[in-house]
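So this one's coords37.txt, compact mmCIF, C-alpha atoms:
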```
# COMPACT_ATOMS: atom_id res chain seq x y z
CA MET A 107 -23.01 95.67 -131.67
CA SER A 108 -24.46 96.19 -135.18
CA ARG A 109 -28.05 95.26 -135.96
CA PHE A 110 -26.86 92.47 -138.24
CA ALA A 111 -24.53 91.09 -135.58
CA ALA A 112 -27.31 91.33 -133.02
CA PHE A 113 -29.63 89.47 -135.41
CA LEU A 114 -27.07 86.71 -135.89
CA PHE A 115 -26.54 86.44 -132.12
CA ILE A 116 -30.27 86.22 -131.43
CA SER A 117 -30.75 83.68 -134.23
CA PHE A 118 -27.86 81.57 -132.96
CA PHE A 119 -29.16 81.77 -129.38
CA THR A 120 -32.66 80.80 -130.53
CA LEU A 121 -31.31 77.84 -132.51
CA CYS A 122 -29.23 76.66 -129.56
CA SER A 123 -32.23 76.96 -127.26
CA PHE A 124 -34.34 74.95 -129.73
CA VAL A 125 -31.68 72.25 -129.99
CA GLN A 126 -31.39 72.09 -126.21
CA ALA A 127 -35.17 71.84 -125.89
CA GLN A 128 -35.22 69.03 -128.43
CA LYS A 129 -32.52 67.20 -126.48
CA LYS A 130 -34.50 67.55 -123.28
CA ILE A 131 -37.60 65.97 -124.78
CA SER A 132 -35.99 63.08 -126.60
CA GLN A 133 -37.98 59.94 -125.94
CA PRO A 134 -36.22 57.44 -123.67
CA ALA A 135 -35.03 54.18 -125.23
CA ALA A 136 -33.26 51.02 -124.15
CA ASN A 137 -31.12 48.38 -125.82
CA ILE A 138 -32.26 45.48 -123.67
CA LYS A 139 -30.18 42.32 -123.40
CA SER A 140 -31.93 40.99 -120.30
CA ILE A 141 -33.92 42.18 -117.29
CA LYS A 142 -33.43 41.33 -113.62
CA PHE A 143 -36.27 41.24 -111.09
CA LEU A 144 -35.58 43.58 -108.16
CA GLY A 145 -38.76 43.61 -106.16
CA GLU A 146 -42.50 43.91 -105.68
CA TYR A 147 -44.75 46.36 -103.85
CA ASP A 148 -48.43 45.62 -103.27
CA ILE A 149 -50.81 48.59 -103.11
CA PRO A 150 -53.29 47.90 -100.29
CA TYR A 151 -56.68 46.51 -101.28
CA ASN A 152 -59.40 49.18 -101.51
CA LEU A 153 -57.00 51.95 -100.50
CA LYS A 154 -58.93 55.21 -100.05
CA PHE A 155 -57.48 58.38 -101.56
CA LYS A 156 -59.26 61.73 -101.88
CA ASN A 157 -62.70 60.13 -101.63
CA THR A 158 -61.91 57.51 -104.29
CA THR A 159 -61.07 53.81 -104.13
CA VAL A 160 -57.69 52.94 -105.61
CA GLY A 161 -57.85 49.80 -107.72
CA GLY A 162 -58.16 48.46 -111.24
CA LEU A 163 -54.84 50.07 -112.16
CA SER A 164 -54.45 49.04 -115.78
CA GLY A 165 -51.95 51.51 -117.23
CA ILE A 166 -48.81 53.31 -116.06
CA ASP A 167 -46.44 55.92 -117.47
CA TYR A 168 -43.45 57.78 -116.03
CA ASP A 169 -42.75 61.50 -116.32
CA ALA A 170 -39.00 61.69 -115.71
CA LYS A 171 -38.85 65.47 -115.44
CA GLN A 172 -41.41 65.61 -112.62
CA ASN A 173 -40.45 62.16 -111.27
CA VAL A 174 -44.10 61.14 -111.09
CA TYR A 175 -46.16 58.28 -112.48
CA TYR A 176 -49.57 58.40 -114.13
CA LEU A 177 -51.79 55.41 -113.33
CA ILE A 178 -55.21 54.90 -114.91
CA SER A 179 -58.03 52.98 -113.21
CA ASP A 180 -60.34 50.77 -115.26
CA ASP A 181 -63.28 51.61 -113.01
CA ARG A 182 -66.13 52.13 -115.46
CA SER A 183 -67.51 55.03 -113.41
CA GLU A 184 -69.14 52.46 -111.12
CA ILE A 185 -67.28 53.04 -107.83
CA ASN A 186 -66.08 56.56 -108.70
CA PRO A 187 -66.01 58.47 -112.00
CA ALA A 188 -63.43 57.27 -114.57
CA ARG A 189 -60.08 58.61 -113.38
CA PHE A 190 -56.30 58.55 -113.25
CA TYR A 191 -53.85 59.06 -110.41
CA THR A 192 -50.44 60.64 -110.07
CA ALA A 193 -48.03 58.96 -107.68
CA LYS A 194 -44.46 58.80 -106.48
CA ILE A 195 -42.79 55.40 -106.50
CA ILE A 196 -39.72 55.39 -104.29
CA ILE A 197 -37.12 53.10 -105.86
CA THR A 198 -33.79 51.99 -104.41
CA SER A 199 -31.09 49.61 -105.60
CA LYS A 200 -32.85 46.91 -103.55
CA GLY A 201 -36.32 47.40 -104.99
CA ILE A 202 -39.45 49.45 -104.33
CA ASP A 203 -39.53 51.20 -100.99
CA SER A 204 -43.03 52.70 -101.17
CA VAL A 205 -45.79 54.15 -103.36
CA HIS A 206 -47.30 57.53 -102.49
CA PHE A 207 -50.42 58.80 -104.23
CA LEU A 208 -50.31 62.53 -104.91
CA ASP A 209 -53.51 63.41 -106.77
CA VAL A 210 -56.50 62.06 -108.69
CA GLN A 211 -58.20 63.54 -111.74
CA PHE A 212 -61.47 62.53 -113.39
CA MET A 213 -61.36 62.16 -117.18
CA LYS A 214 -63.86 64.46 -118.87
CA GLN A 215 -66.19 64.08 -121.83
CA PRO A 216 -66.26 66.67 -124.66
CA ASP A 217 -68.71 68.77 -122.61
CA GLN A 218 -66.20 68.58 -119.69
CA THR A 219 -68.52 66.47 -117.50
CA VAL A 220 -67.42 63.19 -115.91
CA TYR A 221 -68.25 59.92 -117.63
CA PRO A 222 -71.43 58.09 -116.58
CA GLY A 223 -71.65 54.59 -115.16
CA LYS A 224 -74.00 52.04 -116.68
CA LYS A 225 -76.76 53.00 -114.25
CA GLN A 226 -76.70 56.56 -115.59
CA ASP A 227 -76.05 55.83 -119.28
CA ARG A 228 -75.06 52.31 -120.32
CA PHE A 229 -74.53 53.43 -123.93
CA HIS A 230 -71.71 55.85 -123.06
CA THR A 231 -69.87 54.11 -120.24
CA PRO A 232 -66.08 54.12 -120.68
CA ASP A 233 -63.70 51.21 -120.10
CA PRO A 234 -60.31 52.88 -119.41
CA GLU A 235 -57.25 50.75 -120.10
CA ALA A 236 -54.05 52.62 -121.08
CA ILE A 237 -52.51 56.02 -120.40
CA ARG A 238 -49.40 57.80 -121.70
CA TYR A 239 -47.88 61.22 -121.02
CA ASN A 240 -46.53 63.42 -123.82
CA PRO A 241 -43.87 65.79 -122.39
CA VAL A 242 -43.66 67.69 -125.67
CA ALA A 243 -47.35 68.67 -125.72
CA LYS A 244 -47.61 68.38 -121.91
CA ASN A 245 -50.82 66.39 -122.13
CA LEU A 246 -52.05 62.81 -121.79
CA VAL A 247 -53.73 60.24 -123.99
CA TRP A 248 -55.87 57.36 -122.76
CA SER A 249 -57.79 54.53 -124.34
CA SER A 250 -61.21 53.02 -123.74
CA GLU A 251 -62.31 49.58 -124.92
CA GLY A 252 -65.93 50.60 -125.40
CA GLU A 253 -68.60 47.93 -125.12
CA ARG A 254 -70.18 45.16 -127.19
CA ILE A 255 -73.23 43.49 -125.64
CA VAL A 256 -75.38 41.67 -128.17
CA LYS A 257 -78.59 40.22 -126.78
CA GLU A 258 -82.10 39.99 -128.17
CA LYS A 259 -83.42 42.63 -125.74
CA ASP A 260 -80.20 44.30 -124.66
CA THR A 261 -77.72 45.45 -127.31
CA VAL A 262 -75.04 48.00 -126.43
CA LEU A 263 -72.50 49.03 -129.06
CA GLU A 264 -70.04 51.62 -127.76
CA ASN A 265 -66.98 52.18 -129.97
CA PRO A 266 -63.50 52.10 -128.47
CA SER A 267 -61.66 55.41 -128.29
CA VAL A 268 -58.30 57.11 -127.93
CA ILE A 269 -58.64 60.49 -126.26
CA LYS A 270 -56.24 63.35 -125.67
CA ILE A 271 -56.72 65.17 -122.36
CA ALA A 272 -55.02 67.84 -120.28
CA THR A 273 -53.21 66.83 -117.11
CA ASN A 274 -56.25 68.02 -115.14
CA GLY A 275 -58.43 65.53 -117.03
CA SER A 276 -60.22 68.01 -119.30
CA PHE A 277 -61.12 66.76 -122.79
CA LYS A 278 -59.00 68.01 -125.70
CA LYS A 279 -59.47 65.72 -128.72
CA ALA A 280 -60.61 62.25 -129.81
CA PHE A 281 -58.54 60.34 -132.35
CA ALA A 282 -60.20 59.28 -135.60
CA LEU A 283 -60.34 55.49 -135.41
CA PRO A 284 -60.32 53.35 -138.57
CA ASP A 285 -63.44 51.51 -139.70
CA ASN A 286 -62.17 48.12 -138.53
CA LEU A 287 -62.41 49.29 -134.90
CA VAL A 288 -66.12 50.06 -135.13
CA MET A 289 -68.32 47.80 -132.98
CA HIS A 290 -70.92 45.66 -134.77
CA ALA A 291 -73.79 43.45 -133.64
CA THR A 292 -72.55 40.84 -136.12
CA GLU A 293 -69.21 39.06 -135.73
CA LYS A 294 -67.22 41.80 -137.41
CA GLY A 295 -64.67 44.18 -135.93
CA PRO A 296 -63.62 44.09 -132.27
CA ARG A 297 -64.58 41.48 -129.70
CA GLN A 298 -66.02 42.52 -126.36
CA ASN A 299 -63.33 43.48 -123.85
CA GLY A 300 -60.58 42.69 -126.34
CA VAL A 301 -59.95 46.02 -128.02
CA LEU A 302 -57.65 48.96 -127.20
CA GLU A 303 -55.56 47.74 -124.28
CA GLY A 304 -51.98 48.91 -124.85
CA MET A 305 -50.48 52.16 -126.03
CA SER A 306 -47.08 53.80 -126.48
CA PHE A 307 -45.61 56.93 -127.99
CA ALA A 308 -42.73 56.52 -130.45
CA ASP A 309 -40.58 58.58 -132.83
CA ASN A 310 -39.92 61.26 -130.19
CA TYR A 311 -43.64 61.52 -129.44
CA GLN A 312 -44.61 62.09 -133.08
CA SER A 313 -46.33 58.70 -133.33
CA LEU A 314 -48.72 56.84 -131.05
CA TYR A 315 -49.03 53.07 -131.31
CA VAL A 316 -52.15 51.34 -129.97
CA ASN A 317 -52.92 47.63 -129.93
CA VAL A 318 -56.04 45.51 -129.78
CA GLU A 319 -55.85 42.89 -127.04
CA GLU A 320 -57.41 40.05 -129.05
CA PRO A 321 -57.93 39.42 -132.77
CA LEU A 322 -60.65 41.24 -134.65
CA TYR A 323 -63.35 38.80 -135.76
CA GLU A 324 -62.23 38.99 -139.39
CA ASP A 325 -58.58 38.38 -138.43
CA GLY A 326 -59.08 34.93 -136.94
CA PRO A 327 -59.87 33.01 -133.76
CA ARG A 328 -58.96 33.85 -130.20
CA ALA A 329 -55.89 32.24 -128.67
CA ASP A 330 -56.28 28.69 -127.37
CA VAL A 331 -54.06 26.13 -125.68
CA THR A 332 -52.98 24.95 -129.12
CA ASP A 333 -51.53 27.25 -131.77
CA THR A 334 -54.45 28.79 -133.68
CA LEU A 335 -52.46 31.28 -135.83
CA THR A 336 -53.84 34.13 -133.77
CA TYR A 337 -52.94 37.65 -134.90
CA ILE A 338 -53.71 40.98 -133.29
CA ARG A 339 -53.21 44.41 -134.83
CA ILE A 340 -50.84 47.14 -133.65
CA LEU A 341 -52.04 50.46 -135.06
CA LYS A 342 -49.85 53.50 -135.69
CA PHE A 343 -51.32 57.01 -135.38
CA ASN A 344 -49.99 60.46 -136.08
CA ALA A 345 -49.86 61.81 -132.53
CA ALA A 346 -50.61 65.38 -133.57
CA THR A 347 -53.50 64.80 -136.00
CA GLY A 348 -54.88 61.61 -134.46
CA THR A 349 -55.12 59.82 -137.83
CA ASN A 350 -54.30 56.14 -138.35
CA THR A 351 -51.34 55.81 -140.71
CA ALA A 352 -50.41 52.11 -140.52
CA GLN A 353 -51.32 48.75 -138.99
CA PHE A 354 -49.14 45.72 -138.29
CA ALA A 355 -49.82 42.06 -137.46
CA TYR A 356 -48.46 40.51 -134.28
CA LYS A 357 -48.80 36.77 -133.61
CA LEU A 358 -49.98 35.71 -130.17
CA GLU A 359 -48.63 32.69 -128.29
CA PRO A 360 -51.09 29.96 -127.25
CA VAL A 361 -52.83 30.15 -123.88
CA ALA A 362 -50.27 28.99 -121.30
CA HIS A 363 -52.42 26.54 -119.28
CA PRO A 364 -55.64 24.59 -119.89
CA ALA A 365 -58.72 25.85 -118.06
CA ILE A 366 -60.42 23.78 -115.37
CA PRO A 367 -62.90 22.60 -116.54
CA ALA A 368 -61.55 22.54 -120.10
CA ASN A 369 -64.45 24.56 -121.56
CA ALA A 370 -64.16 27.37 -118.97
CA PHE A 371 -62.84 30.86 -119.71
CA LYS A 372 -59.24 31.23 -120.86
CA ILE A 373 -57.40 33.99 -122.68
CA ASN A 374 -54.08 35.18 -123.99
CA GLY A 375 -53.86 38.75 -125.21
CA VAL A 376 -51.74 41.90 -125.17
CA PRO A 377 -52.51 44.35 -122.34
CA ASP A 378 -49.70 46.82 -123.08
CA ILE A 379 -46.85 47.77 -125.40
CA LEU A 380 -43.83 50.03 -124.82
CA ASN A 381 -41.56 51.62 -127.39
CA ILE A 382 -37.85 51.10 -126.57
CA GLY A 383 -36.29 52.48 -129.75
CA LYS A 384 -36.83 52.83 -133.48
CA ASP A 385 -39.48 50.29 -134.54
CA LYS A 386 -38.81 48.24 -131.39
CA PHE A 387 -41.33 47.57 -128.64
CA LEU A 388 -41.81 45.50 -125.56
CA VAL A 389 -45.05 43.54 -125.85
CA ILE A 390 -46.71 42.02 -122.78
CA GLU A 391 -48.68 38.84 -123.37
CA ARG A 392 -50.98 37.99 -120.47
CA SER A 393 -52.44 34.49 -120.26
CA PHE A 394 -55.14 33.51 -117.77
CA SER A 395 -57.06 30.27 -117.38
CA THR A 396 -59.95 29.50 -115.04
CA GLY A 397 -58.78 27.27 -112.21
CA LYS A 398 -55.42 29.04 -111.86
CA LEU A 399 -55.44 32.33 -109.93
CA ALA A 400 -52.06 33.57 -111.16
CA CYS A 401 -51.48 34.86 -114.68
CA THR A 402 -48.68 33.83 -116.99
CA ILE A 403 -46.90 37.00 -118.12
CA ARG A 404 -44.54 36.77 -121.06
CA VAL A 405 -42.67 39.85 -122.30
CA PHE A 406 -41.39 39.91 -125.87
CA GLU A 407 -39.10 42.30 -127.69
CA THR A 408 -40.80 43.07 -130.99
CA ASP A 409 -39.46 44.65 -134.17
CA LEU A 410 -41.88 46.23 -136.65
CA SER A 411 -39.26 47.32 -139.20
CA LYS A 412 -39.89 44.38 -141.57
CA ALA A 413 -43.59 43.93 -140.83
CA THR A 414 -46.16 44.52 -143.58
CA ASN A 415 -48.44 47.53 -143.31
CA ILE A 416 -51.79 45.68 -143.22
CA LYS A 417 -53.94 48.81 -142.98
CA ASP A 418 -55.59 47.99 -146.31
CA ILE A 419 -55.92 44.24 -145.66
CA PRO A 420 -59.45 43.82 -144.28
CA SER A 421 -59.02 40.20 -143.12
CA LEU A 422 -55.95 38.31 -141.94
CA LYS A 423 -58.06 35.16 -141.89
CA THR A 424 -58.52 35.13 -145.65
CA ASN A 425 -55.40 37.02 -146.79
CA HIS A 426 -52.10 35.50 -145.64
CA ASN A 427 -49.89 37.66 -147.86
CA PHE A 428 -48.24 39.63 -145.08
CA THR A 429 -45.21 39.54 -142.81
CA PRO A 430 -45.95 39.84 -139.07
CA ALA A 431 -43.76 41.62 -136.55
CA GLU A 432 -40.61 39.81 -135.45
CA LYS A 433 -40.58 38.80 -131.79
CA LYS A 434 -38.30 37.15 -129.26
CA LEU A 435 -38.99 36.19 -125.66
CA LEU A 436 -37.37 38.47 -123.08
CA ILE A 437 -38.85 36.92 -119.95
CA ASN A 438 -41.54 34.52 -118.79
CA MET A 439 -42.48 35.70 -115.29
CA ASP A 440 -43.47 32.14 -114.36
CA ASP A 441 -39.71 31.56 -114.07
CA LEU A 442 -39.45 34.07 -111.20
CA GLY A 443 -41.09 31.57 -108.86
CA ILE A 444 -43.43 34.13 -107.31
CA TYR A 445 -47.14 34.87 -107.62
CA ILE A 446 -47.79 37.17 -110.58
CA ASP A 447 -51.18 38.77 -110.97
CA ASN A 448 -52.96 40.56 -113.78
CA ILE A 449 -50.11 42.67 -115.23
CA GLU A 450 -51.61 45.29 -117.53
CA GLY A 451 -49.11 48.16 -117.81
CA VAL A 452 -45.40 48.87 -118.21
CA THR A 453 -43.18 51.94 -118.41
CA LEU A 454 -39.51 52.80 -118.47
CA GLY A 455 -38.72 54.07 -114.97
CA PRO A 456 -35.84 56.04 -113.44
CA ARG A 457 -32.21 55.02 -113.36
CA LEU A 458 -30.85 53.07 -110.44
CA PRO A 459 -27.88 54.32 -108.38
CA ASN A 460 -25.63 52.16 -110.60
CA GLY A 461 -26.89 54.03 -113.68
CA HIS A 462 -28.93 51.16 -115.08
CA LYS A 463 -32.40 51.81 -116.50
CA THR A 464 -35.53 50.23 -115.06
CA LEU A 465 -38.88 48.82 -116.08
CA VAL A 466 -41.93 49.26 -113.85
CA PHE A 467 -44.99 47.02 -114.29
CA ILE A 468 -48.46 47.47 -112.76
CA ALA A 469 -51.11 44.81 -112.08
CA ASP A 470 -54.88 45.38 -112.20
CA ASN A 471 -56.52 43.80 -109.15
CA ASN A 472 -60.03 44.17 -110.61
CA PHE A 473 -61.08 45.61 -107.23
CA ALA A 474 -61.03 42.00 -105.96
CA MET A 475 -59.83 40.99 -102.50
CA LEU A 476 -58.06 37.87 -103.77
CA GLU A 477 -56.10 39.75 -106.44
CA LYS A 478 -53.11 42.05 -105.99
CA ALA A 479 -52.40 45.57 -107.24
CA GLN A 480 -48.73 44.72 -107.74
CA VAL A 481 -45.95 47.09 -108.76
CA LEU A 482 -42.97 45.15 -110.10
CA LEU A 483 -39.48 46.56 -110.64
CA PHE A 484 -36.89 45.20 -113.08
CA GLU A 485 -33.32 46.31 -113.78
CA ILE A 486 -32.37 46.56 -117.46
CA MET A 487 -29.10 45.04 -118.62
CA GLU A 488 -27.92 46.71 -121.84
```
Do you think you could lay out the structure here as structure tokens?
Amino acid sequence: MSRFAAFLFISFFTLCSFVQAQKKISQPAANIKSIKFLGEYDIPYNLKFKNTTVGGLSGIDYDAKQNVYYLISDDRSEINPARFYTAKIIITSKGIDSVHFLDVQFMKQPDQTVYPGKKQDRFHTPDPEAIRYNPVAKNLVWSSEGERIVKEKDTVLENPSVIKIATNGSFKKAFALPDNLVMHATEKGPRQNGVLEGMSFADNYQSLYVNVEEPLYEDGPRADVTDTLTYIRILKFNAATGTNTAQFAYKLEPVAHPAIPANAFKINGVPDILNIGKDKFLVIERSFSTGKLACTIRVFETDLSKATNIKDIPSLKTNHNFTPAEKKLLINMDDLGIYIDNIEGVTLGPRLPNGHKTLVFIADNNFAMLEKAQVLLFEIME
């Protein structure tokens, strides 16, 4: 074989290998017409695993190649250091057979130490919420809501964060968050415990979308039992550089049920999002009202293709010249007729024996005996 022919052969082989690699890492998608509930599995309360307490599971993602799930705990380094688990979820055509925890890793700070609890350092305590795996880079990203406590003698302002880590938990990089996600002592920016809740890769893992759970102060009021024109922001980041490139408005539904008493705590917000194709996402809206133990979970299919980039609009309360994301209801889990707890995460799961795709949801039990760490399985009809 001549040198030129050998060069062409090697070049062709390299190109084919690259194309094959690209095919292998294409991000999964789904053209969802409807979803069918298949079953529930409840992770035991206060399950012990490798000297940690399993609970507060607020985010889930599926690695199809390894057939494992990543689950993040929202323990604020109080029971054990901030951490995530890997697990196997055994799925059959009839539902979920079992959940087997495989490992646990502690998320690390830039100096590669574990995060402190509030007793050690209340100004740098994390609040983990979402986790996603990037099979292209073979690493993880997770989000923290930070903290906003404003009292005369006790003010804590810890900014939210999006952090890239290795699969062993070691710190790699923090994303550069825009100014409107900075915590303030005045009513500006994010509300306490209403910041970076959901997260999803998109565009074959080139983009990362992150959402705030509740409206920023300057974007309007929190959701109520009547329609208050409540908008949250979904933020788009370059997954490689960690820079914010766009923001979009998403309108929340009203709170599903009045609180008892009427002035007690109630909320409707977005705990997670999931990309299912170009510009299309599933958006979970979770409504809770005092006096009703169960949550109302509504899942919407959302399209950002016609939504205005509101990155340079500082206030949605004063500037109404924008188009929000389109949305349509996919399911209200109240209609299932079963108890549904605090659903906080969703991922596309494996295919069923019939070839249909699946959705797997996870509920955060808040480490509470009366709440359930539910895993819910749905079959996708395309």
ask   = Pick the closest to Lys139 (chain A) from A:Val481, A:Leu435, A:Val452, A:Ala368: which is it, counting all atoms listed in the file?
value =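 Using all atoms listed in the file, Lys139 (chain A) sits closest to A:Leu435.
With only C-alpha atoms as the atoms that count, the residue of A:Val405, A:Ile185, A:Ala352, A:Val242 with the shortest distance to Asn152 (chain A) is A:Ile185.
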ask   = Smallest atom-to-atom distance to Tyr315 (chain A): which of A:Leu410, A:Ala329, A:Lys244, A:Asp227, using only C-alpha atoms?
value = A:Leu410
note = Students should find that CA of Glu253 (chain A) and CA of Phe212 (chain A) are spaced 20.0 Å
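CA of Asp330 (chain A) sits 25.4 Å away from CA of Leu476 (chain A).
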key: Residues near Leu283 (chain A), cut-off 8 Å, all atoms listed in the file, skip fewer than 4 positions along chain, as a PyMOL selection string   = chain A and resi 267-268+287-288+349-350
Write the residues of the preceding selection, restricted to C-alpha atoms, as a PDB file, in the frame of the given file.
```pdb
ATOM      1  CA  SER A 267     -61.660  55.410-128.290  1.00  0.00           C
ATOM      2  CA  VAL A 268     -58.300  57.110-127.930  1.00  0.00           C
ATOM      3  CA  LEU A 287     -62.410  49.290-134.900  1.00  0.00           C
ATOM      4  CA  VAL A 288     -66.120  50.060-135.130  1.00  0.00           C
ATOM      5  CA  THR A 349     -55.120  59.820-137.830  1.00  0.00           C
ATOM      6  CA  ASN A 350     -54.300  56.140-138.350  1.00  0.00           C
TER       7      ASN A 350
END
```
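Distance check against Tyr337 (chain A) using only C-alpha atoms: of A:Phe428, A:Tyr239, A:Phe406, A:Phe387, the minimum falls on A:Phe428.
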task = Determine the nearest neighbour of Phe155 (chain A) from the options A:Ala474, A:Leu208, A:Ala370, A:Ala345, counting all atoms listed in the file.
result =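 Using all atoms listed in the file, the shortest distance to Phe155 (chain A) belongs to A:Leu208.
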query = What separation in Å, quoted to one decimal, exists between CA of Asp233 (chain A) and CA of Ile149 (chain A)?
reply = 21.5 Å
request  = Counting only C-alpha atoms, figure out which residue out of A:Thr408, A:Lys257, A:Glu488, A:Ile449 gets nearest to Asn472 (chain A).
outcome  =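 Comparing A:Thr408, A:Lys257, A:Glu488, A:Ile449 against Asn472 (chain A), the winner is A:Ile449.
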Could I get region 454-476 of chain A rebuilt with N, CA and C atoms, written as a PDB file, in the frame of the given file?
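Below you can see selection_22.pdb, which holds the result:
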```pdb
ATOM      1  N   LEU A 454     -40.895  52.609-118.841  1.00  0.00           N
ATOM      2  CA  LEU A 454     -39.510  52.800-118.470  1.00  0.00           C
ATOM      3  C   LEU A 454     -39.481  53.713-117.252  1.00  0.00           C
ATOM      4  N   GLY A 455     -38.775  53.297-116.204  1.00  0.00           N
ATOM      5  CA  GLY A 455     -38.720  54.070-114.970  1.00  0.00           C
ATOM      6  C   GLY A 455     -37.423  54.851-114.857  1.00  0.00           C
ATOM      7  N   PRO A 456     -37.069  55.277-113.646  1.00  0.00           N
ATOM      8  CA  PRO A 456     -35.840  56.040-113.440  1.00  0.00           C
ATOM      9  C   PRO A 456     -34.609  55.143-113.447  1.00  0.00           C
ATOM     10  N   ARG A 457     -33.451  55.776-113.463  1.00  0.00           N
ATOM     11  CA  ARG A 457     -32.210  55.020-113.360  1.00  0.00           C
ATOM     12  C   ARG A 457     -31.925  54.643-111.919  1.00  0.00           C
ATOM     13  N   LEU A 458     -31.290  53.513-111.752  1.00  0.00           N
ATOM     14  CA  LEU A 458     -30.850  53.070-110.440  1.00  0.00           C
ATOM     15  C   LEU A 458     -29.556  53.790-110.047  1.00  0.00           C
ATOM     16  N   PRO A 459     -29.144  53.700-108.784  1.00  0.00           N
ATOM     17  CA  PRO A 459     -27.880  54.320-108.380  1.00  0.00           C
ATOM     18  C   PRO A 459     -26.683  53.863-109.208  1.00  0.00           C
ATOM     19  N   ASN A 460     -26.737  52.643-109.769  1.00  0.00           N
ATOM     20  CA  ASN A 460     -25.630  52.160-110.600  1.00  0.00           C
ATOM     21  C   ASN A 460     -25.721  52.651-112.043  1.00  0.00           C
ATOM     22  N   GLY A 461     -26.743  53.473-112.345  1.00  0.00           N
ATOM     23  CA  GLY A 461     -26.890  54.030-113.680  1.00  0.00           C
ATOM     24  C   GLY A 461     -27.741  53.209-114.620  1.00  0.00           C
ATOM     25  N   HIS A 462     -28.132  52.017-114.211  1.00  0.00           N
ATOM     26  CA  HIS A 462     -28.930  51.160-115.080  1.00  0.00           C
ATOM     27  C   HIS A 462     -30.377  51.650-115.148  1.00  0.00           C
ATOM     28  N   LYS A 463     -30.999  51.445-116.305  1.00  0.00           N
ATOM     29  CA  LYS A 463     -32.400  51.810-116.500  1.00  0.00           C
ATOM     30  C   LYS A 463     -33.312  50.772-115.859  1.00  0.00           C
ATOM     31  N   THR A 464     -34.576  51.136-115.711  1.00  0.00           N
ATOM     32  CA  THR A 464     -35.530  50.230-115.060  1.00  0.00           C
ATOM     33  C   THR A 464     -36.812  50.106-115.863  1.00  0.00           C
ATOM     34  N   LEU A 465     -37.521  49.026-115.602  1.00  0.00           N
ATOM     35  CA  LEU A 465     -38.880  48.820-116.080  1.00  0.00           C
ATOM     36  C   LEU A 465     -39.785  48.685-114.871  1.00  0.00           C
ATOM     37  N   VAL A 466     -40.948  49.336-114.933  1.00  0.00           N
ATOM     38  CA  VAL A 466     -41.930  49.260-113.850  1.00  0.00           C
ATOM     39  C   VAL A 466     -43.231  48.727-114.434  1.00  0.00           C
ATOM     40  N   PHE A 467     -43.744  47.643-113.849  1.00  0.00           N
ATOM     41  CA  PHE A 467     -44.990  47.020-114.290  1.00  0.00           C
ATOM     42  C   PHE A 467     -46.070  47.257-113.235  1.00  0.00           C
ATOM     43  N   ILE A 468     -47.329  47.312-113.671  1.00  0.00           N
ATOM     44  CA  ILE A 468     -48.460  47.470-112.760  1.00  0.00           C
ATOM     45  C   ILE A 468     -49.487  46.380-113.037  1.00  0.00           C
ATOM     46  N   ALA A 469     -50.085  45.845-111.955  1.00  0.00           N
ATOM     47  CA  ALA A 469     -51.110  44.810-112.080  1.00  0.00           C
ATOM     48  C   ALA A 469     -52.470  45.369-111.689  1.00  0.00           C
ATOM     49  N   ASP A 470     -53.482  45.019-112.462  1.00  0.00           N
ATOM     50  CA  ASP A 470     -54.880  45.380-112.200  1.00  0.00           C
ATOM     51  C   ASP A 470     -55.487  44.331-111.283  1.00  0.00           C
ATOM     52  N   ASN A 471     -55.932  44.759-110.091  1.00  0.00           N
ATOM     53  CA  ASN A 471     -56.520  43.800-109.150  1.00  0.00           C
ATOM     54  C   ASN A 471     -58.021  43.621-109.327  1.00  0.00           C
ATOM     55  N   ASN A 472     -58.600  44.289-110.333  1.00  0.00           N
ATOM     56  CA  ASN A 472     -60.030  44.170-110.610  1.00  0.00           C
ATOM     57  C   ASN A 472     -60.907  44.470-109.392  1.00  0.00           C
ATOM     58  N   PHE A 473     -60.366  45.267-108.471  1.00  0.00           N
ATOM     59  CA  PHE A 473     -61.080  45.610-107.230  1.00  0.00           C
ATOM     60  C   PHE A 473     -61.489  44.363-106.450  1.00  0.00           C
ATOM     61  N   ALA A 474     -60.707  43.281-106.598  1.00  0.00           N
ATOM     62  CA  ALA A 474     -61.030  42.000-105.960  1.00  0.00           C
ATOM     63  C   ALA A 474     -60.086  41.726-104.796  1.00  0.00           C
ATOM     64  N   MET A 475     -60.620  41.233-103.707  1.00  0.00           N
ATOM     65  CA  MET A 475     -59.830  40.990-102.500  1.00  0.00           C
ATOM     66  C   MET A 475     -58.741  39.945-102.722  1.00  0.00           C
ATOM     67  N   LEU A 476     -59.017  38.956-103.572  1.00  0.00           N
ATOM     68  CA  LEU A 476     -58.060  37.870-103.770  1.00  0.00           C
ATOM     69  C   LEU A 476     -56.996  38.201-104.808  1.00  0.00           C
TER      70      LEU A 476
END
```
